[in-house]
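Asker: So that we are looking at the same thing, I have put the structure below in structure tokens.
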2 protein chains.
Amino acid sequence: MTINKSYQNLVSKLEEISYLNGVMCTLGWDQEVVMPSGASEARAQQISALAGVIHERMTDTQLGECLFALQEEDDSAFNASQRCNINEAQRDFDLETKIPKQLVMDMAALGSRSHISWVKAREDNKFSDFAPVLKQFLELKKNWAQYAFPDLSPYDANIDNFERGTTMAEITPVFDYMKTELIPFIQSIKESTYHPDVSFLKGKFPVTKQESLGRRISQDIGFDFDRGRMDVSVHPFCGGSHPTDVRITTRYKEDNFIESLYALIHETGHGLYEQGRMLEGRDLPVSQSLTMGIHESQSLFWERMIAQSKFFCSHYFETISASFPDNLRGQSDELFYQAINTCQPGFIRVEADELTYPLHVILRYEIEKGLFDGSMVVNDLPEIWNEMMMKYLGVKPPTDTLGVLQDSHWSGGAFGYFPSYTLGAIYACQFYGTMISDLPDTENNIEKGNFAPIKSWLNEKIHSQGRLYTPQQLLQRVTGEALNPNYFIEYLKNKYRAVYRLN
Amino acid sequence: MTINKSYQNLVSKLEEISYLNGVMCTLGWDQEVVMPSGASEARAQQISALAGVIHERMTDTQLGECLFALQEEDDSAFNASQRCNINEAQRDFDLETKIPKQLVMDMAALGSRSHISWVKAREDNKFSDFAPVLKQFLELKKNWAQYAFPDLSPYDANIDNFERGTTMAEITPVFDYMKTELIPFIQSIKESTYHPDVSFLKGKFPVTKQESLGRRISQDIGFDFDRGRMDVSVHPFCGGSHPTDVRITTRYKEDNFIESLYALIHETGHGLYEQGRMLEGRDLPVSQSLTMGIHESQSLFWERMIAQSKFFCSHYFETISASFPDNLRGQSDELFYQAINTCQPGFIRVEADELTYPLHVILRYEIEKGLFDGSMVVNDLPEIWNEMMMKYLGVKPPTDTLGVLQDSHWSGGAFGYFPSYTLGAIYACQFYGTMISDLPDTENNIEKGNFAPIKSWLNEKIHSQGRLYTPQQLLQRVTGEALNPNYFIEYLKNKYRAVYRLN
């Protein structure tokens with residue numbers, strides 16, 4: 001077979017896998033948004049059958065032979081996109097085939113058991129019931145790491161699974177530095193004598209008004225409803241099956257419109273990444289979103305850098321007031337801006353503000369690191385957790401349900417995932433800094449509701465770059481710098497100093 | 001391999017195919033109900049990839065070997081359900097493997113081209129543009145028939161595809177008899193001096209009111225919303241992926257609530273069939289719905305026999321009036337009953353009332369028969385169509401778009417499908433007659449809104465019988481009779497004589 005034919009052969013195989021993955025994503029959306037409750041058992045069987053087919057295709061020996069033939073070739077025979085497709089396919093093929101079948105089956109079996117055990121332990125507030133499966137998952141994931149990425153330490157291998165190329169050597173100093181900066185800063189806010197009024201954000205906000213406001217803002221900032229949808233689900237998410245079929249969700253609480261609106265803007269940020277993928281090779285790895293962290297940088301970019309800004313509040317205050325006139329009477333854009341930018345240390349990560357959020361993540365990162373290097377043991381986690389919460393945020397969860405048992409990640413064996421949230425926040429600030437230099441008119445544009453230049457910039461610099469670079473390379477190319485938490489820290493300090501009238 | 005192992009092996013293979021078909025059905029529902037318009041190309045590729053996988057599984061040589069081993073065994077080794085699964089699997093396997101690949105590809109290719117050509121010809125009102133592909137499809141389907149059912153005449157083979165075991169020898173005399181009875185009867189209605197007032201069915205009926213009324217009635221008659229949903233689509237249908245995931249749709253017109261309500265009741269009838277399937281072997285052929293005709297008998301049972309009855313109108317008139325008080329003021333259940341049971345010969349099959357509908361079907365059946373036996377040729381169809389419309393219904397379509405080009409069936413090569421509609425109507429009347437004998441309190445029950453006994457009777461007699469019998473056998477078992485159009489004709493005559501005050 002000629003190189004060209006081998007490559008075309010690879011493309012067909014990858015496209016088929018991509019189409020079937022699209023089908024799987026549609027099933028996932030369906031399950032979260034519209035599936036009748038009674039269908040869950042049938043759906044599990046459908047998903048399992050389709051997963052079996054996809055696994056079969058991904059581990060097909062013909063795919064392996066095709067990749068082997070292509071790897072033998074000189075790199076110069078391919079352009080950058082083609083090389084990327086070959087390398088990505090090789091990485092996926094290795095990940096699917098290098099893990100012993102028994103281990104894959106053990107992880108799958110434990111995943112299901114472990115989730116049930118976590119739900120139960122959380123309900124009963126009894127960590128000791130969850131501890132045994134957590135220990136088993138840890139051992140399986142250490143074992144997995146040796147097969148998946150034998151050159152990396154086990155925790156680095158697990159991180160690589162979500163944020164490739166990023167290791168503890170890079171994360172630890174960044175997170176340590178953030179702790180030294182943020183912990184005392186949060187303390188100074190606690191001690192501040194001025195606290196913005198947030199009382200007008202409580203009240204009754206009709207869901208239909210929230211829905212139309214959210215839809216309008218999502219559309220304004222660039223979400224294309226001809227190639228996407230917006231629905232309701234228990235947990236907000238961005239799903240869909242293709243760049244032409246991107247589906248965001250939010251949830252509505254009648255007494256809190258900020259939560260649903262900003263969740264929607266967050267998911268719109270994810271959605272714009274997916275809708276903005278390169279036009280070429282849309283069903284090939286090269287066009288896919290890069291990592292969890294880069295994805296999160298896009299959602300946080302819109303949620304925080306844009307939508308929590310003074311300029312955004314200034315542009316939308318009138319619209320928001322018109323939606324909820326009784327609630328916002330007598331307020332101003334400045335007071336609204338302050339009210340949505342307050343800091344309140346709490347127990348729950350997903351409810352945390354942007355200032356305390358990183359400490360929730362760092363705590364989890366340090367625990368995972370400790371579990372993998374043996375300096376911590378599972379049985380001690382509740383105590384460790386509560387001590388760290390006290391030290392980092394000055395609060396102590398009254399129960400394990402509100403503490404160590406709050407997140408589902410570990411019950412699914414997703415160790416190494418948490419750092420992505422804060423890496424994303426750091427990336428977002430670095431990207432924003434560069435964009436401000438490239439497009440100095442940005443703040444004016446936000447104030448005028450002209451979001452098109454921002455979206456175009458992100459499309460060009462990030463969305464359309466697909467997987468051509470690692471996150472580190474992409475960051476360097478876009479911003480001219482490596483990972484640098486100072487932008488994020490300065491952004492937080494400048495904003496919250498002003499809001500809380502510090503100095 | 002022992003018989004038991006071979007059978008278990010077959011069961012696993014059939015279940016996998018069933019799960020993957022469930023996935024395909026979810027994609028189909030998604031496409032009609034929620035998919036963003038921009039996603040159609042990506043969706044086509046996803047469906048094609050999944051169809052490829054399903055075809056691969058259905059034609060797997062291991063499945064063939066497994067079936068061969070089982071067919072060698074004595075029938076007595078299996079119970080009725082097991083025998084049914086083996087026979088159904090053999091039938092499907094044969095249908096998938098006996099047709100030459102080239103013919104399958106030709107039909108698939110023509111199907112897509114032909115549909116586009118039909119849409120265009122319909123827009124342009126130009127049958128001659130559609131005629132060439134219709135001719136080709138006819139040839140392909142004649143060819144297909146020889147491979148699929150070599151023992152049947154080509155048109156019988158095509159009918160068997162939708163209503164197995166039913167042939168022209170059975171249908172023709174039934175349809176001929178119906179013509180002699182119905183054509184003069186419709187004429188006498190036309191000449192009647194009394195015509196019920198239907199003016200109050202026109203007006204403005206808010207969609208939200210229609211939606212909640214429809215949902216209530218669907219639930220009242222037994223649709224289980226924990227194992228199903230109700231949505232909006234361009235054409236009403238019943239889809240979903242499993243008996244625990246049945247999805248019905250309707251469409252709303254603000255100026256006509258009867259259309260959407262009765263479409264919904266029709267689809268609920270289909271949905272009750274699916275939700276009522278036997279509990280054993282739910283993912284195996286034995287539990288599946290039997291044929292198009294039997295399915296239609298269930299939708300028409302609820303739409304016509306139950307929901308167009310006096311007793312139903314009597315029970316719901318107050319509820320309906322409460323939904324649309326301005327429109328129904330001064331009316332009564334009797335006047336409402338009359339208004340929804342009027343007869344008006346028209347051009348369009350899907351808009352036809354129950355009395356003229358069979359003639360639309362018979363016309364199409366006779367044309368298909370003529371095309372297959374060579375007594376008619378494609379080029380003459382517009383003229384033949386209009387002559388028959390004149391003869392059977394006394395109306396002549398002013399354009400081919402409103403005539404021979406109105407239905408999509410032929411553009412998909414679905415010859416032999418049309419008779420199912422009227423067979424379903426006949427079955428429905430025969431089933432109703434038997435039910436009235438079995439449950440003499442039925443009319444009282446309808447009037448009281450007590451639909452549970454009716455649903456239970458259908459569940460037991462029809463829904464839970466799956467594919468254990470042919471339609472002919474099922475009809476005989478349930479009613480003690482073969483296909484007999486007299487019940488249908490008597491039902492129509494008695495009802496419409498009273499409504500139009502004939503005699």
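How things are named: the first chain in the structure tokens is A, the next is B, and so on; residues count from 1 in each chain; ligands count from 1 in the order shown.
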Just need the residues of chain B within 9 Å of chain A, counting only C-alpha atoms, so spit them out as a PDB file with N, CA and C atoms, in the first residue's frame.
Answerer:
ATOM      1  N   GLU B  16     -27.643  -8.026  21.157  1.00  0.00           N
ATOM      2  CA  GLU B  16     -26.735  -6.946  20.748  1.00  0.00           C
ATOM      3  C   GLU B  16     -27.346  -6.160  19.580  1.00  0.00           C
ATOM      4  N   ILE B  17     -27.889  -6.899  18.601  1.00  0.00           N
ATOM      5  CA  ILE B  17     -28.526  -6.226  17.459  1.00  0.00           C
ATOM      6  C   ILE B  17     -29.694  -5.361  17.944  1.00  0.00           C
ATOM      7  N   SER B  18     -30.460  -5.887  18.885  1.00  0.00           N
ATOM      8  CA  SER B  18     -31.601  -5.132  19.413  1.00  0.00           C
ATOM      9  C   SER B  18     -31.144  -3.862  20.136  1.00  0.00           C
ATOM     10  N   TYR B  19     -30.075  -3.962  20.917  1.00  0.00           N
ATOM     11  CA  TYR B  19     -29.571  -2.759  21.605  1.00  0.00           C
ATOM     12  C   TYR B  19     -29.125  -1.716  20.576  1.00  0.00           C
ATOM     13  N   LEU B  20     -28.412  -2.185  19.546  1.00  0.00           N
ATOM     14  CA  LEU B  20     -27.918  -1.234  18.541  1.00  0.00           C
ATOM     15  C   LEU B  20     -29.081  -0.639  17.743  1.00  0.00           C
ATOM     16  N   ASN B  21     -30.117  -1.436  17.490  1.00  0.00           N
ATOM     17  CA  ASN B  21     -31.306  -0.884  16.839  1.00  0.00           C
ATOM     18  C   ASN B  21     -31.982   0.156  17.727  1.00  0.00           C
ATOM     19  N   GLY B  22     -31.964  -0.088  19.028  1.00  0.00           N
ATOM     20  CA  GLY B  22     -32.506   0.901  19.963  1.00  0.00           C
ATOM     21  C   GLY B  22     -31.752   2.218  19.860  1.00  0.00           C
ATOM     22  N   VAL B  23     -30.440   2.122  19.736  1.00  0.00           N
ATOM     23  CA  VAL B  23     -29.622   3.329  19.560  1.00  0.00           C
ATOM     24  C   VAL B  23     -30.041   4.056  18.277  1.00  0.00           C
ATOM     25  N   MET B  24     -30.220   3.276  17.203  1.00  0.00           N
ATOM     26  CA  MET B  24     -30.620   3.871  15.927  1.00  0.00           C
ATOM     27  C   MET B  24     -31.959   4.593  16.059  1.00  0.00           C
ATOM     28  N   THR B  26     -33.158   5.967  18.721  1.00  0.00           N
ATOM     29  CA  THR B  26     -32.941   7.205  19.470  1.00  0.00           C
ATOM     30  C   THR B  26     -32.425   8.292  18.532  1.00  0.00           C
ATOM     31  N   LEU B  27     -31.526   7.921  17.629  1.00  0.00           N
ATOM     32  CA  LEU B  27     -31.028   8.891  16.652  1.00  0.00           C
ATOM     33  C   LEU B  27     -32.158   9.406  15.772  1.00  0.00           C
ATOM     34  N   ASP B  30     -34.310  11.785  17.751  1.00  0.00           N
ATOM     35  CA  ASP B  30     -33.540  13.018  17.958  1.00  0.00           C
ATOM     36  C   ASP B  30     -33.605  13.903  16.707  1.00  0.00           C
ATOM     37  N   VAL B  34     -35.453  17.118  18.043  1.00  0.00           N
ATOM     38  CA  VAL B  34     -34.595  18.102  18.722  1.00  0.00           C
ATOM     39  C   VAL B  34     -33.323  18.490  17.973  1.00  0.00           C
ATOM     40  N   MET B  35     -32.937  17.762  16.957  1.00  0.00           N
ATOM     41  CA  MET B  35     -31.641  18.032  16.323  1.00  0.00           C
ATOM     42  C   MET B  35     -31.581  19.425  15.696  1.00  0.00           C
ATOM     43  N   PRO B  36     -30.494  20.166  15.939  1.00  0.00           N
ATOM     44  CA  PRO B  36     -30.347  21.473  15.277  1.00  0.00           C
ATOM     45  C   PRO B  36     -30.275  21.285  13.757  1.00  0.00           C
ATOM     46  N   SER B  37     -30.823  22.250  13.035  1.00  0.00           N
ATOM     47  CA  SER B  37     -30.893  22.107  11.568  1.00  0.00           C
ATOM     48  C   SER B  37     -29.518  21.935  10.939  1.00  0.00           C
ATOM     49  N   GLY B  38     -28.507  22.587  11.516  1.00  0.00           N
ATOM     50  CA  GLY B  38     -27.175  22.518  10.913  1.00  0.00           C
ATOM     51  C   GLY B  38     -26.491  21.172  11.032  1.00  0.00           C
ATOM     52  N   ALA B  39     -27.071  20.270  11.818  1.00  0.00           N
ATOM     53  CA  ALA B  39     -26.386  18.996  12.100  1.00  0.00           C
ATOM     54  C   ALA B  39     -26.749  17.884  11.130  1.00  0.00           C
ATOM     55  N   SER B  40     -27.546  18.198  10.101  1.00  0.00           N
ATOM     56  CA  SER B  40     -28.092  17.084   9.311  1.00  0.00           C
ATOM     57  C   SER B  40     -27.023  16.287   8.579  1.00  0.00           C
ATOM     58  N   GLU B  41     -25.991  16.962   8.094  1.00  0.00           N
ATOM     59  CA  GLU B  41     -24.952  16.216   7.371  1.00  0.00           C
ATOM     60  C   GLU B  41     -24.190  15.296   8.332  1.00  0.00           C
ATOM     61  N   ALA B  42     -23.817  15.836   9.485  1.00  0.00           N
ATOM     62  CA  ALA B  42     -23.095  15.019  10.474  1.00  0.00           C
ATOM     63  C   ALA B  42     -23.959  13.841  10.922  1.00  0.00           C
ATOM     64  N   ARG B  43     -25.245  14.092  11.113  1.00  0.00           N
ATOM     65  CA  ARG B  43     -26.136  13.037  11.559  1.00  0.00           C
ATOM     66  C   ARG B  43     -26.235  11.933  10.511  1.00  0.00           C
ATOM     67  N   GLN B  45     -23.998  10.972   8.505  1.00  0.00           N
ATOM     68  CA  GLN B  45     -22.791  10.149   8.600  1.00  0.00           C
ATOM     69  C   GLN B  45     -22.824   9.237   9.823  1.00  0.00           C
ATOM     70  N   GLN B  46     -23.351   9.746  10.920  1.00  0.00           N
ATOM     71  CA  GLN B  46     -23.456   8.925  12.132  1.00  0.00           C
ATOM     72  C   GLN B  46     -24.408   7.752  11.901  1.00  0.00           C
ATOM     73  N   ILE B  47     -25.540   8.063  11.268  1.00  0.00           N
ATOM     74  CA  ILE B  47     -26.528   7.012  11.016  1.00  0.00           C
ATOM     75  C   ILE B  47     -25.961   5.968  10.057  1.00  0.00           C
ATOM     76  N   SER B  48     -25.247   6.452   9.056  1.00  0.00           N
ATOM     77  CA  SER B  48     -24.668   5.528   8.091  1.00  0.00           C
ATOM     78  C   SER B  48     -23.633   4.611   8.759  1.00  0.00           C
ATOM     79  N   ALA B  49     -22.812   5.177   9.641  1.00  0.00           N
ATOM     80  CA  ALA B  49     -21.808   4.353  10.332  1.00  0.00           C
ATOM     81  C   ALA B  49     -22.489   3.302  11.206  1.00  0.00           C
ATOM     82  N   LEU B  50     -23.518   3.718  11.929  1.00  0.00           N
ATOM     83  CA  LEU B  50     -24.213   2.770  12.811  1.00  0.00           C
ATOM     84  C   LEU B  50     -24.956   1.718  11.991  1.00  0.00           C
ATOM     85  N   VAL B  53     -22.604  -0.931  11.030  1.00  0.00           N
ATOM     86  CA  VAL B  53     -22.312  -1.863  12.131  1.00  0.00           C
ATOM     87  C   VAL B  53     -23.457  -2.862  12.293  1.00  0.00           C
ATOM     88  N   PHE B 225     -46.018   7.809  31.240  1.00  0.00           N
ATOM     89  CA  PHE B 225     -45.001   8.835  30.971  1.00  0.00           C
ATOM     90  C   PHE B 225     -43.682   8.575  31.706  1.00  0.00           C
ATOM     91  N   ASP B 226     -43.661   7.598  32.603  1.00  0.00           N
ATOM     92  CA  ASP B 226     -42.365   7.196  33.171  1.00  0.00           C
ATOM     93  C   ASP B 226     -41.598   6.319  32.193  1.00  0.00           C
ATOM     94  N   ARG B 227     -42.312   5.777  31.232  1.00  0.00           N
ATOM     95  CA  ARG B 227     -41.650   4.938  30.233  1.00  0.00           C
ATOM     96  C   ARG B 227     -41.908   5.506  28.835  1.00  0.00           C
ATOM     97  N   GLY B 228     -42.062   6.823  28.771  1.00  0.00           N
ATOM     98  CA  GLY B 228     -42.307   7.439  27.483  1.00  0.00           C
ATOM     99  C   GLY B 228     -42.325   8.944  27.576  1.00  0.00           C
ATOM    100  N   ARG B 229     -42.420   9.586  26.430  1.00  0.00           N
ATOM    101  CA  ARG B 229     -42.488  11.040  26.373  1.00  0.00           C
ATOM    102  C   ARG B 229     -43.482  11.460  25.296  1.00  0.00           C
ATOM    103  N   SER B 241     -36.839   3.852  21.829  1.00  0.00           N
ATOM    104  CA  SER B 241     -35.805   2.841  21.664  1.00  0.00           C
ATOM    105  C   SER B 241     -36.110   1.521  22.340  1.00  0.00           C
ATOM    106  N   HIS B 242     -37.266   1.426  23.041  1.00  0.00           N
ATOM    107  CA  HIS B 242     -37.476   0.247  23.890  1.00  0.00           C
ATOM    108  C   HIS B 242     -38.875   0.354  24.493  1.00  0.00           C
ATOM    109  N   PRO B 243     -39.474  -0.769  24.934  1.00  0.00           N
ATOM    110  CA  PRO B 243     -40.776  -0.665  25.602  1.00  0.00           C
ATOM    111  C   PRO B 243     -40.758   0.251  26.830  1.00  0.00           C
ATOM    112  N   THR B 244     -39.579   0.486  27.392  1.00  0.00           N
ATOM    113  CA  THR B 244     -39.483   1.407  28.531  1.00  0.00           C
ATOM    114  C   THR B 244     -39.147   2.823  28.082  1.00  0.00           C
ATOM    115  N   ASP B 245     -39.103   3.044  26.778  1.00  0.00           N
ATOM    116  CA  ASP B 245     -38.699   4.353  26.239  1.00  0.00           C
ATOM    117  C   ASP B 245     -39.465   4.600  24.946  1.00  0.00           C
ATOM    118  N   VAL B 246     -40.760   4.883  25.094  1.00  0.00           N
ATOM    119  CA  VAL B 246     -41.665   5.029  23.943  1.00  0.00           C
ATOM    120  C   VAL B 246     -41.988   6.510  23.777  1.00  0.00           C
TER     121      VAL B 246
END
Asker: Can you list, as a ChimeraX atom specification, every residue of segment 113-172 of chain B that DSSP puts in alpha helix (DSSP H)?
Answerer: /B:113-124,127-148,154-162,168-172
Asker: Taking the backbone alone, and naming residues the way the document does, which bits of segment 137-233 of chain A are strand (DSSP E or B) by DSSP, as a PyMOL selection string?
Answerer: chain A and resi 228-232
Asker: Give me the residues within 12 Å of Ala482 of chain B as a ChimeraX atom specification, counting only C-alpha atoms and dropping any in the same chain fewer than 2 places off.
Answerer: /B:166,170,174,423,426-427,430-431,470-480,484-487
Asker: Which residues come within 12 Å of Leu10 of chain B, counting only C-alpha atoms, excluding same-chain residues fewer than 2 positions away, as a ChimeraX atom specification?
Answerer: /B:3-8,12-17,57-58,60,62-71,82-83,85-90,93,284-285
Asker: Applying 10 Å and only C-alpha atoms, which residues near Gln331 of chain A remain after dropping the ones on its own chain fewer than 4 positions away? List them as number ranges by chain.
Answerer: A: 200, 317, 321, 327, 335-336
Asker: Store the residues picked out above, limited to C-alpha atoms, as an mmCIF file, in the first residue's frame.
Answerer:
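Heads up, here's the output in out_3.cif:
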data_model
loop_
_atom_site.group_PDB
_atom_site.id
_atom_site.type_symbol
_atom_site.label_atom_id
_atom_site.label_comp_id
_atom_site.auth_asym_id
_atom_site.auth_seq_id
_atom_site.Cartn_x
_atom_site.Cartn_y
_atom_site.Cartn_z
ATOM 1 C CA PHE A 200 -31.301 42.050 45.817
ATOM 2 C CA PHE A 317 -27.760 45.872 33.495
ATOM 3 C CA SER A 321 -33.417 44.964 35.148
ATOM 4 C CA ASN A 327 -35.973 42.899 42.141
ATOM 5 C CA LEU A 335 -23.818 47.586 42.540
ATOM 6 C CA PHE A 336 -24.777 44.613 40.384
#
Asker: So that I can see what lies close to Asp326 of chain B, please list as a PyMOL selection string the residues with an atom at most 10 Å from it, counting only C-alpha atoms and leaving out residues fewer than 6 positions away in the same chain.
Answerer: chain B and resi 200+203-205
Asker: Store the residues of this selection in a file with N, CA and C atoms, as a PDB file, in the first residue's frame.
Answerer:
ATOM      1  N   PHE B 200     -67.839  25.392  14.812  1.00  0.00           N
ATOM      2  CA  PHE B 200     -67.246  25.690  16.121  1.00  0.00           C
ATOM      3  C   PHE B 200     -65.903  24.978  16.322  1.00  0.00           C
ATOM      4  N   GLY B 203     -61.431  28.256  14.778  1.00  0.00           N
ATOM      5  CA  GLY B 203     -61.236  29.316  15.756  1.00  0.00           C
ATOM      6  C   GLY B 203     -59.807  29.331  16.233  1.00  0.00           C
ATOM      7  N   LYS B 204     -59.610  29.848  17.449  1.00  0.00           N
ATOM      8  CA  LYS B 204     -58.257  29.949  17.981  1.00  0.00           C
ATOM      9  C   LYS B 204     -58.172  29.097  19.243  1.00  0.00           C
ATOM     10  N   PHE B 205     -57.261  28.136  19.238  1.00  0.00           N
ATOM     11  CA  PHE B 205     -57.125  27.212  20.360  1.00  0.00           C
ATOM     12  C   PHE B 205     -55.684  27.261  20.858  1.00  0.00           C
TER      13      PHE B 205
END
